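Pasted below: my_file_30.cif, mmCIF, C-alpha atoms and all ligand atoms.
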```cif
data_model
#
loop_
_atom_site.label_atom_id
_atom_site.label_comp_id
_atom_site.auth_asym_id
_atom_site.auth_seq_id
_atom_site.Cartn_x
_atom_site.Cartn_y
_atom_site.Cartn_z
CA MET Z 1 79.01 128.30 61.23
CA ALA Z 2 78.13 126.26 58.15
CA ASP Z 3 81.58 125.88 56.60
CA GLU Z 4 83.77 124.73 59.43
CA PRO Z 5 85.90 121.75 58.50
CA ARG Z 6 84.47 118.48 59.66
CA VAL Z 7 86.60 116.29 61.85
CA ILE Z 8 85.90 112.65 61.28
CA GLY Z 9 83.43 111.24 63.78
CA GLU Z 10 82.82 114.53 65.45
CA GLY Z 11 79.23 115.66 65.57
CA ARG Z 12 78.60 119.31 66.02
CA ALA Z 13 76.69 121.08 68.71
CA TYR Z 14 76.98 124.52 70.18
CA ARG Z 15 77.10 125.48 73.80
CA ALA Z 16 76.32 128.94 75.16
CA THR Z 17 79.34 130.30 76.99
CA SER Z 18 77.25 132.79 78.96
CA ALA Z 19 73.66 132.58 80.18
CA PRO Z 20 71.37 132.80 77.12
CA LYS Z 21 68.29 135.04 77.15
CA TRP Z 22 64.64 134.20 76.76
CA ARG Z 23 62.75 136.63 74.55
CA GLY Z 24 59.12 135.70 75.06
CA ASP Z 25 58.85 132.03 74.13
CA LEU Z 26 62.20 132.02 72.30
CA LEU Z 27 65.56 131.10 73.78
CA GLU Z 28 67.86 133.13 71.56
CA TYR Z 29 71.12 131.84 70.16
CA PRO Z 30 73.73 134.10 71.72
CA ALA Z 31 76.62 135.56 69.72
CA ASP Z 32 79.21 133.72 71.81
CA LEU Z 33 78.89 130.02 71.14
CA GLU Z 34 81.43 127.30 71.68
CA ARG Z 35 81.49 124.35 69.35
CA VAL Z 36 81.42 121.00 71.15
CA ASN Z 37 81.37 117.36 70.11
CA PRO Z 38 78.12 116.05 71.62
CA MET Z 39 79.44 112.49 71.55
CA ASP Z 40 81.96 113.51 74.19
CA TYR Z 41 79.07 113.64 76.67
CA LYS Z 42 78.83 109.98 77.61
CA ALA Z 43 75.56 110.49 79.51
CA LEU Z 44 73.97 113.05 77.18
CA SER Z 45 70.72 111.13 76.68
CA ALA Z 46 70.31 110.80 80.45
CA ALA Z 47 70.99 114.49 81.00
CA LEU Z 48 68.57 115.59 78.28
CA ALA Z 49 65.86 113.13 79.34
CA ASN Z 50 66.04 114.49 82.87
CA VAL Z 51 66.39 118.20 82.12
CA GLU Z 52 64.00 120.34 84.11
CA LEU Z 53 61.49 121.82 81.68
CA THR Z 54 61.58 125.37 83.00
CA ARG Z 55 63.23 128.44 81.51
CA GLU Z 56 66.06 128.21 84.04
CA GLY Z 57 66.45 124.47 83.57
CA ILE Z 58 66.76 124.78 79.79
CA ALA Z 59 69.10 127.79 79.97
CA GLY Z 60 71.32 125.86 82.40
CA PHE Z 61 71.37 122.86 80.08
CA VAL Z 62 72.42 124.87 76.99
CA THR Z 63 75.20 126.48 79.00
CA LYS Z 64 76.50 123.10 80.12
CA TYR Z 65 75.83 120.91 77.04
CA GLY Z 66 74.44 122.91 74.13
CA PHE Z 67 71.37 123.82 72.11
CA LEU Z 68 69.19 121.08 70.63
CA GLU Z 69 69.23 121.91 66.96
CA ILE Z 70 71.83 124.48 66.10
CA GLY Z 71 74.40 122.85 63.86
CA ALA Z 72 72.14 121.22 61.34
CA SER Z 73 69.90 124.24 60.92
CA GLU Z 74 70.27 127.86 61.77
CA GLY Z 75 67.71 130.24 63.10
CA LYS Z 76 67.26 132.83 65.78
CA GLY Z 77 66.80 130.40 68.62
CA GLU Z 78 64.70 127.56 70.01
CA THR Z 79 61.21 127.89 71.44
CA PHE Z 80 60.03 126.60 74.79
CA ALA Z 81 57.33 124.62 72.96
CA LYS Z 82 59.99 122.92 70.84
CA TRP Z 83 62.00 121.96 73.92
CA ARG Z 84 58.93 120.62 75.67
CA GLU Z 85 57.92 118.56 72.66
CA GLU Z 86 61.38 117.11 71.98
CA VAL Z 87 62.32 116.45 75.60
CA THR Z 88 58.97 114.92 76.56
CA LEU Z 89 59.19 112.24 73.88
CA LEU Z 90 62.88 111.61 74.51
CA ARG Z 91 62.21 111.33 78.25
CA ILE Z 92 59.41 108.78 77.81
CA VAL Z 93 61.55 106.65 75.50
CA TRP Z 94 64.65 106.98 77.73
CA ARG Z 95 62.70 105.93 80.84
CA ARG Z 96 61.24 102.91 79.09
CA LEU Z 97 64.59 101.95 77.62
CA HIS Z 98 66.33 102.12 80.99
CA GLY Z 99 63.49 100.62 83.04
CA ARG Z 100 62.91 103.79 85.05
CA PRO Z 101 59.45 104.57 86.44
CA GLN Z 102 57.11 106.37 84.11
CA ALA Z 103 56.10 109.87 85.15
CA GLU Z 104 52.48 110.86 85.50
CA GLY Z 105 50.90 112.05 82.28
CA GLU Z 106 53.64 110.47 80.18
CA GLU Z 107 51.58 107.87 78.44
CA PHE Z 108 53.27 104.90 76.84
CA VAL Z 109 50.56 102.61 75.52
CA LEU Z 110 51.64 99.11 74.50
CA LYS Z 111 48.93 96.44 74.39
CA PRO Z 112 48.69 92.94 72.93
CA ARG Z 113 45.92 92.51 70.39
CA GLU Z 114 44.01 89.27 70.21
CA PRO Z 115 43.75 86.88 68.48
CA ARG Z 116 47.22 85.44 68.06
CA VAL Z 117 48.30 84.18 64.66
CA ASP Z 118 50.93 81.50 63.90
CA GLY Z 119 52.56 81.63 67.30
CA ARG Z 120 53.01 85.38 67.15
CA THR Z 121 51.34 88.20 69.03
CA ALA Z 122 50.49 91.57 67.55
CA TYR Z 123 50.81 94.64 69.75
CA TYR Z 124 49.40 98.11 69.36
CA TYR Z 125 51.38 101.10 70.59
CA ASP Z 126 50.84 104.82 70.98
CA VAL Z 127 53.47 107.15 72.37
CA LEU Z 128 52.52 110.81 72.05
CA GLY Z 129 50.99 110.21 68.66
CA TYR Z 130 53.68 107.82 67.44
CA SER Z 131 51.38 104.87 66.94
CA GLY Z 132 51.29 101.63 65.02
CA GLY Z 133 51.70 97.91 65.43
CA VAL Z 134 54.49 95.41 65.99
CA THR Z 135 54.42 91.61 65.93
CA VAL Z 136 56.64 89.37 68.04
CA PRO Z 137 56.96 85.59 68.59
CA ASP Z 138 55.04 84.22 71.57
CA GLY Z 139 57.06 83.29 74.61
CA PRO Z 140 57.90 84.40 78.11
CA ILE Z 141 59.71 87.56 76.99
CA ARG Z 142 57.27 88.69 74.31
CA ASP Z 143 56.37 91.90 76.21
CA ARG Z 144 60.04 92.85 76.41
CA ARG Z 145 60.54 92.07 72.74
CA ALA Z 146 57.50 94.14 71.76
CA LEU Z 147 58.78 97.05 73.84
CA GLU Z 148 62.22 96.87 72.21
CA ARG Z 149 60.67 96.89 68.77
CA VAL Z 150 58.62 99.97 69.58
CA LEU Z 151 61.62 101.75 71.08
CA ALA Z 152 63.71 100.82 68.04
CA ARG Z 153 61.07 102.24 65.74
CA ILE Z 154 60.75 105.56 67.55
CA ILE Z 155 64.51 105.93 67.97
CA SER Z 156 65.04 105.13 64.28
CA GLU Z 157 62.50 107.72 63.17
CA HIS Z 158 64.77 110.28 64.83
CA THR Z 159 68.21 108.98 63.94
CA ILE Z 160 67.24 108.71 60.28
CA GLN Z 161 66.73 112.47 60.22
CA LEU Z 162 69.33 113.64 62.72
CA VAL Z 163 72.35 111.44 62.05
CA GLY Z 164 74.64 111.22 59.04
CA ALA Z 165 77.52 108.93 58.13
CA GLN Z 166 81.16 109.40 57.17
CA VAL Z 167 83.91 107.18 55.82
CA ASP Z 168 86.87 107.22 58.17
CA MET Z 169 90.15 106.68 56.35
CA SER Z 170 92.39 107.25 59.36
CA THR Z 171 92.43 103.55 60.28
CA SER Z 172 94.08 100.76 58.30
CA TYR Z 173 90.75 99.88 56.67
CA PRO Z 174 88.08 102.41 55.68
CA ASN Z 175 85.39 102.47 58.30
CA VAL Z 176 81.84 103.88 58.13
CA ILE Z 177 80.86 105.82 61.23
CA PHE Z 178 77.76 107.66 62.38
CA VAL Z 179 77.86 111.38 62.99
CA PRO Z 180 75.04 113.26 64.73
CA LEU Z 181 74.04 116.49 62.94
CA ASN Z 182 73.26 118.24 66.21
CA LEU Z 183 72.89 117.65 69.94
CA LEU Z 184 69.41 116.19 69.66
CA GLY Z 185 70.70 113.71 67.09
CA ALA Z 186 73.52 112.75 69.43
CA ALA Z 187 71.06 111.99 72.25
CA TRP Z 188 68.95 109.76 69.99
CA LEU Z 189 72.06 108.09 68.56
CA GLN Z 190 73.23 107.33 72.08
CA MET Z 191 69.89 105.66 72.82
CA ALA Z 192 70.21 103.65 69.60
CA TYR Z 193 73.62 102.40 70.76
CA ASP Z 194 72.20 101.65 74.22
CA LEU Z 195 69.29 99.66 72.80
CA ALA Z 196 71.66 97.69 70.57
CA SER Z 197 74.23 96.99 73.28
CA SER Z 198 74.24 93.63 75.04
CA GLU Z 199 74.23 95.36 78.42
CA LEU Z 200 72.41 98.64 79.05
CA PRO Z 201 74.65 101.31 80.53
CA ASP Z 202 73.72 102.15 84.09
CA TYR Z 203 73.50 105.96 84.01
CA ARG Z 204 73.75 107.48 87.47
CA ARG Z 205 73.35 110.93 88.92
CA CYS Z 206 76.37 112.30 90.78
CA PRO Z 207 75.37 112.90 94.43
CA GLU Z 208 77.75 115.87 94.61
CA CYS Z 209 77.05 117.95 91.46
CA GLY Z 210 73.83 116.40 90.12
CA ASP Z 211 75.28 115.63 86.67
CA PHE Z 212 74.50 112.31 85.04
CA TYR Z 213 77.45 110.06 84.30
CA HIS Z 214 78.17 106.72 82.72
CA PRO Z 215 80.23 104.75 85.25
CA VAL Z 216 83.42 103.22 83.93
CA ARG Z 217 83.73 101.01 87.01
CA THR Z 218 80.76 99.48 88.85
CA ARG Z 219 81.91 100.95 92.16
CA GLN Z 220 82.20 104.47 90.80
CA ARG Z 221 80.15 106.74 93.09
CA THR Z 222 80.63 110.18 91.53
CA CYS Z 223 80.76 111.65 88.03
CA GLY Z 224 84.56 111.48 88.07
CA LYS Z 225 85.31 115.18 88.42
CA SER Z 226 88.06 115.50 91.01
CA LYS Z 227 86.14 118.04 93.10
CA CYS Z 228 83.19 115.63 93.35
CA ARG Z 229 85.42 112.73 94.35
CA ALA Z 230 87.11 114.91 96.96
CA ALA Z 231 83.74 116.07 98.32
CA MET Z 232 82.54 112.47 98.60
CA TYR Z 233 85.62 111.41 100.58
CA GLU Z 234 85.32 114.41 102.82
CA ARG Z 235 81.75 113.40 103.57
CA ARG Z 236 82.86 109.84 104.36
CA ARG Z 237 85.62 111.04 106.68
CA ASP Z 238 83.20 113.32 108.51
CA ARG Z 239 80.63 110.56 108.80
CA ALA Z 240 83.22 108.18 110.27
CA ARG Z 241 84.24 110.83 112.81
CA GLU Z 242 80.60 111.55 113.74
CA LEU Z 243 79.91 107.88 114.45
CA SER Z 244 83.17 107.56 116.33
CA ASP Z 245 82.33 110.64 118.42
CA GLU Z 246 79.05 108.95 119.33
CA GLY Z 247 81.16 106.30 121.03
CA MET Z 248 81.14 103.56 118.40
CA THR Z 249 84.24 101.37 118.06
CA PRO Z 250 86.09 101.38 114.70
CA ALA Z 251 84.70 97.90 114.03
CA LYS Z 252 81.11 99.10 114.59
CA VAL Z 253 81.68 102.20 112.45
CA ALA Z 254 83.12 100.02 109.70
CA ALA Z 255 80.07 97.76 109.80
CA ALA Z 256 77.62 100.68 109.83
CA MET Z 257 79.36 102.45 106.95
CA SER Z 258 79.68 99.27 104.92
CA SER Z 259 75.92 98.91 104.94
CA GLU Z 260 75.30 102.64 104.34
CA LEU Z 261 77.64 102.77 101.35
CA GLY Z 262 76.97 99.31 99.99
CA GLU Z 263 80.69 98.53 99.85
CA ASN Z 264 83.22 96.99 102.17
CA VAL Z 265 84.73 99.47 104.65
CA THR Z 266 87.57 98.22 106.85
CA GLU Z 267 88.47 99.22 110.42
CA ARG Z 268 91.78 100.54 109.14
CA GLN Z 269 89.97 102.85 106.70
CA VAL Z 270 87.70 104.07 109.48
CA GLU Z 271 90.70 104.91 111.68
CA ASP Z 272 92.35 106.83 108.82
CA TRP Z 273 89.15 108.69 108.01
CA VAL Z 274 88.47 109.67 111.61
CA ALA Z 275 92.04 110.94 112.02
CA ALA Z 276 91.88 112.91 108.75
CA SER Z 277 88.54 114.47 109.68
CA ARG Z 278 89.86 115.53 113.10
CA ARG Z 279 93.01 117.03 111.56
CA ARG Z 280 90.92 118.95 109.06
CA ARG Z 281 88.60 120.32 111.73
CA LYS Z 282 91.53 121.39 113.86
CA SER Z 283 93.23 123.22 111.01
CA GLY Z 284 89.86 124.72 110.01
CA LYS Z 285 89.37 126.11 113.51
CA ALA Z 286 92.90 127.47 113.65
CA VAL Z 287 92.35 129.63 110.55
ZN ZN Z 301 79.87 115.35 90.08
#
```
Can the structure in the file be given as structure tokens, please?
Amino acid sequence: MADEPRVIGEGRAYRATSAPKWRGDLLEYPADLERVNPMDYKALSAALANVELTREGIAGFVTKYGFLEIGASEGKGETFAKWREEVTLLRIVWRRLHGRPQAEGEEFVLKPREPRVDGRTAYYYDVLGYSGGVTVPDGPIRDRRALERVLARIISEHTIQLVGAQVDMSTSYPNVIFVPLNLLGAAWLQMAYDLASSELPDYRRCPECGDFYHPVRTRQRTCGKSKCRAAMYERRRDRARELSDEGMTPAKVAAAMSSELGENVTERQVEDWVAASRRRRKSGKAV
């Protein structure tokens, strides 16, 4: 595994191609592993931050995305304790970064310390033992600035160990690019990019398959897999037919569905959906 040629810009992670086995506290690296580029997962940090910390949850994650550390280091496997430790910190930082509610028991301490000096405020922070101080200029957004500094510090402590750099000569000018050493590094690198971006990506969970995705368009409602998009439209068509069967006019259905979906649904669409749903039910019954 150590001597595979490196493709420029491609981090390395390994995904289990069949369900991996827990041996006691250890999730063993199986013999059949598929190499993946963790940067291809555009919502990796969201998926890892929200992984269910159970044996099944972790096994499902490594089958879909990959193991945390294999790539940079090799061993027999990864322990449950390691997963809990790494995911808990990542989750706390991810939630704070993306303004999601903090879970119970996931302490993120960030407090201003008096007195102020020279128009600046000092803050104390403690996140699972990562503790220290940051100083920011006074002003209406000082809390936000202090938070960003703390997040930057914790993220950097990880990227400095888990991310390398390469010189890309494939473009007209040489270009330095970051390359995660493993999947965990890719998740922290993604959070570094998110923190540094002018607009935070709005990671969403697909209502059909449960996967996190990074919407390319603001109106995107599913992860983008064609089966999920098809399932969503089928649900819409059935909903339109249900309301229509209750005796609502197409205009009323359109209004009701516009508010349910948070997007503009026209009468014409409703008529098409109702007809499609009826056709489908008829053909379903005939089989
Ligand atoms: Zn989906």
Problem set entry | Long-range neighbours of Leu200 (chain Z) as a count of residues only, 10 Å cut-off, all atoms listed in the file, 6 positions minimum in chain | 6
Exercise. If you count all atoms listed in the file, which residues fall within 12 Å of Met232 (chain Z), apart from same-chain ones fewer than 2 positions away, as a PyMOL selection string?
Worked result: chain Z and resi 206-209+220-230+234-239+261
Problem set entry | Computed interatomic separation between CA of Val127 (chain Z) and CA of Leu26 (chain Z) (Å) |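 Value for the CA of Val127 (chain Z)-CA of Leu26 (chain Z) distance: 26.4 Å.
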For this session: Work out how far apart CA of Leu44 (chain Z) and CA of Phe212 (chain Z) are and give it in Å to one decimal.
Result: 7.9 Å
Exercise. Any idea what's packed within 9 Å of Ile155 (chain Z), counting all atoms listed in the file, ignoring anything in its chain fewer than 2 positions away? Could you give it as a PyMOL selection string?
Worked result: chain Z and resi 90+93+150-153+157-160+188-189+191-192
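The space between CA of Val62 (chain Z) and CA of Ser18 (chain Z) spans 9.5 Å.
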So that I can check the surroundings of Val51 (chain Z), please list as a PDB file with C-alpha atoms, in the frame of the given file every protein, DNA and RNA residue that reaches within 12 Å of it, counting all atoms listed in the file and ignoring chain neighbours fewer than 2 positions away.
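Now in result14.pdb:
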```pdb
ATOM      1  CA  LEU Z  44      73.970 113.050  77.180  1.00  0.00           C
ATOM      2  CA  SER Z  45      70.720 111.130  76.680  1.00  0.00           C
ATOM      3  CA  ALA Z  46      70.310 110.800  80.450  1.00  0.00           C
ATOM      4  CA  ALA Z  47      70.990 114.490  81.000  1.00  0.00           C
ATOM      5  CA  LEU Z  48      68.570 115.590  78.280  1.00  0.00           C
ATOM      6  CA  ALA Z  49      65.860 113.130  79.340  1.00  0.00           C
ATOM      7  CA  LEU Z  53      61.490 121.820  81.680  1.00  0.00           C
ATOM      8  CA  THR Z  54      61.580 125.370  83.000  1.00  0.00           C
ATOM      9  CA  ARG Z  55      63.230 128.440  81.510  1.00  0.00           C
ATOM     10  CA  GLU Z  56      66.060 128.210  84.040  1.00  0.00           C
ATOM     11  CA  GLY Z  57      66.450 124.470  83.570  1.00  0.00           C
ATOM     12  CA  ILE Z  58      66.760 124.780  79.790  1.00  0.00           C
ATOM     13  CA  ALA Z  59      69.100 127.790  79.970  1.00  0.00           C
ATOM     14  CA  GLY Z  60      71.320 125.860  82.400  1.00  0.00           C
ATOM     15  CA  PHE Z  61      71.370 122.860  80.080  1.00  0.00           C
ATOM     16  CA  VAL Z  62      72.420 124.870  76.990  1.00  0.00           C
ATOM     17  CA  LYS Z  64      76.500 123.100  80.120  1.00  0.00           C
ATOM     18  CA  TYR Z  65      75.830 120.910  77.040  1.00  0.00           C
ATOM     19  CA  TRP Z  83      62.000 121.960  73.920  1.00  0.00           C
ATOM     20  CA  ARG Z  84      58.930 120.620  75.670  1.00  0.00           C
ATOM     21  CA  GLU Z  86      61.380 117.110  71.980  1.00  0.00           C
ATOM     22  CA  VAL Z  87      62.320 116.450  75.600  1.00  0.00           C
ATOM     23  CA  THR Z  88      58.970 114.920  76.560  1.00  0.00           C
ATOM     24  CA  LEU Z  90      62.880 111.610  74.510  1.00  0.00           C
ATOM     25  CA  ARG Z  91      62.210 111.330  78.250  1.00  0.00           C
ATOM     26  CA  GLY Z 210      73.830 116.400  90.120  1.00  0.00           C
ATOM     27  CA  ASP Z 211      75.280 115.630  86.670  1.00  0.00           C
ATOM     28  CA  PHE Z 212      74.500 112.310  85.040  1.00  0.00           C
TER      29      PHE Z 212
END
```
Output, as lines of an AutoDock Vina configuration file, the centre and edge lengths in Å (one decimal) of the axis-aligned box that contains all listed atoms of region 191-196 of chain Z with 6 Å of margin on each side.
```
center_x = 71.5
center_y = 101.7
center_z = 71.9
size_x = 16.3
size_y = 20.0
size_z = 16.6
```
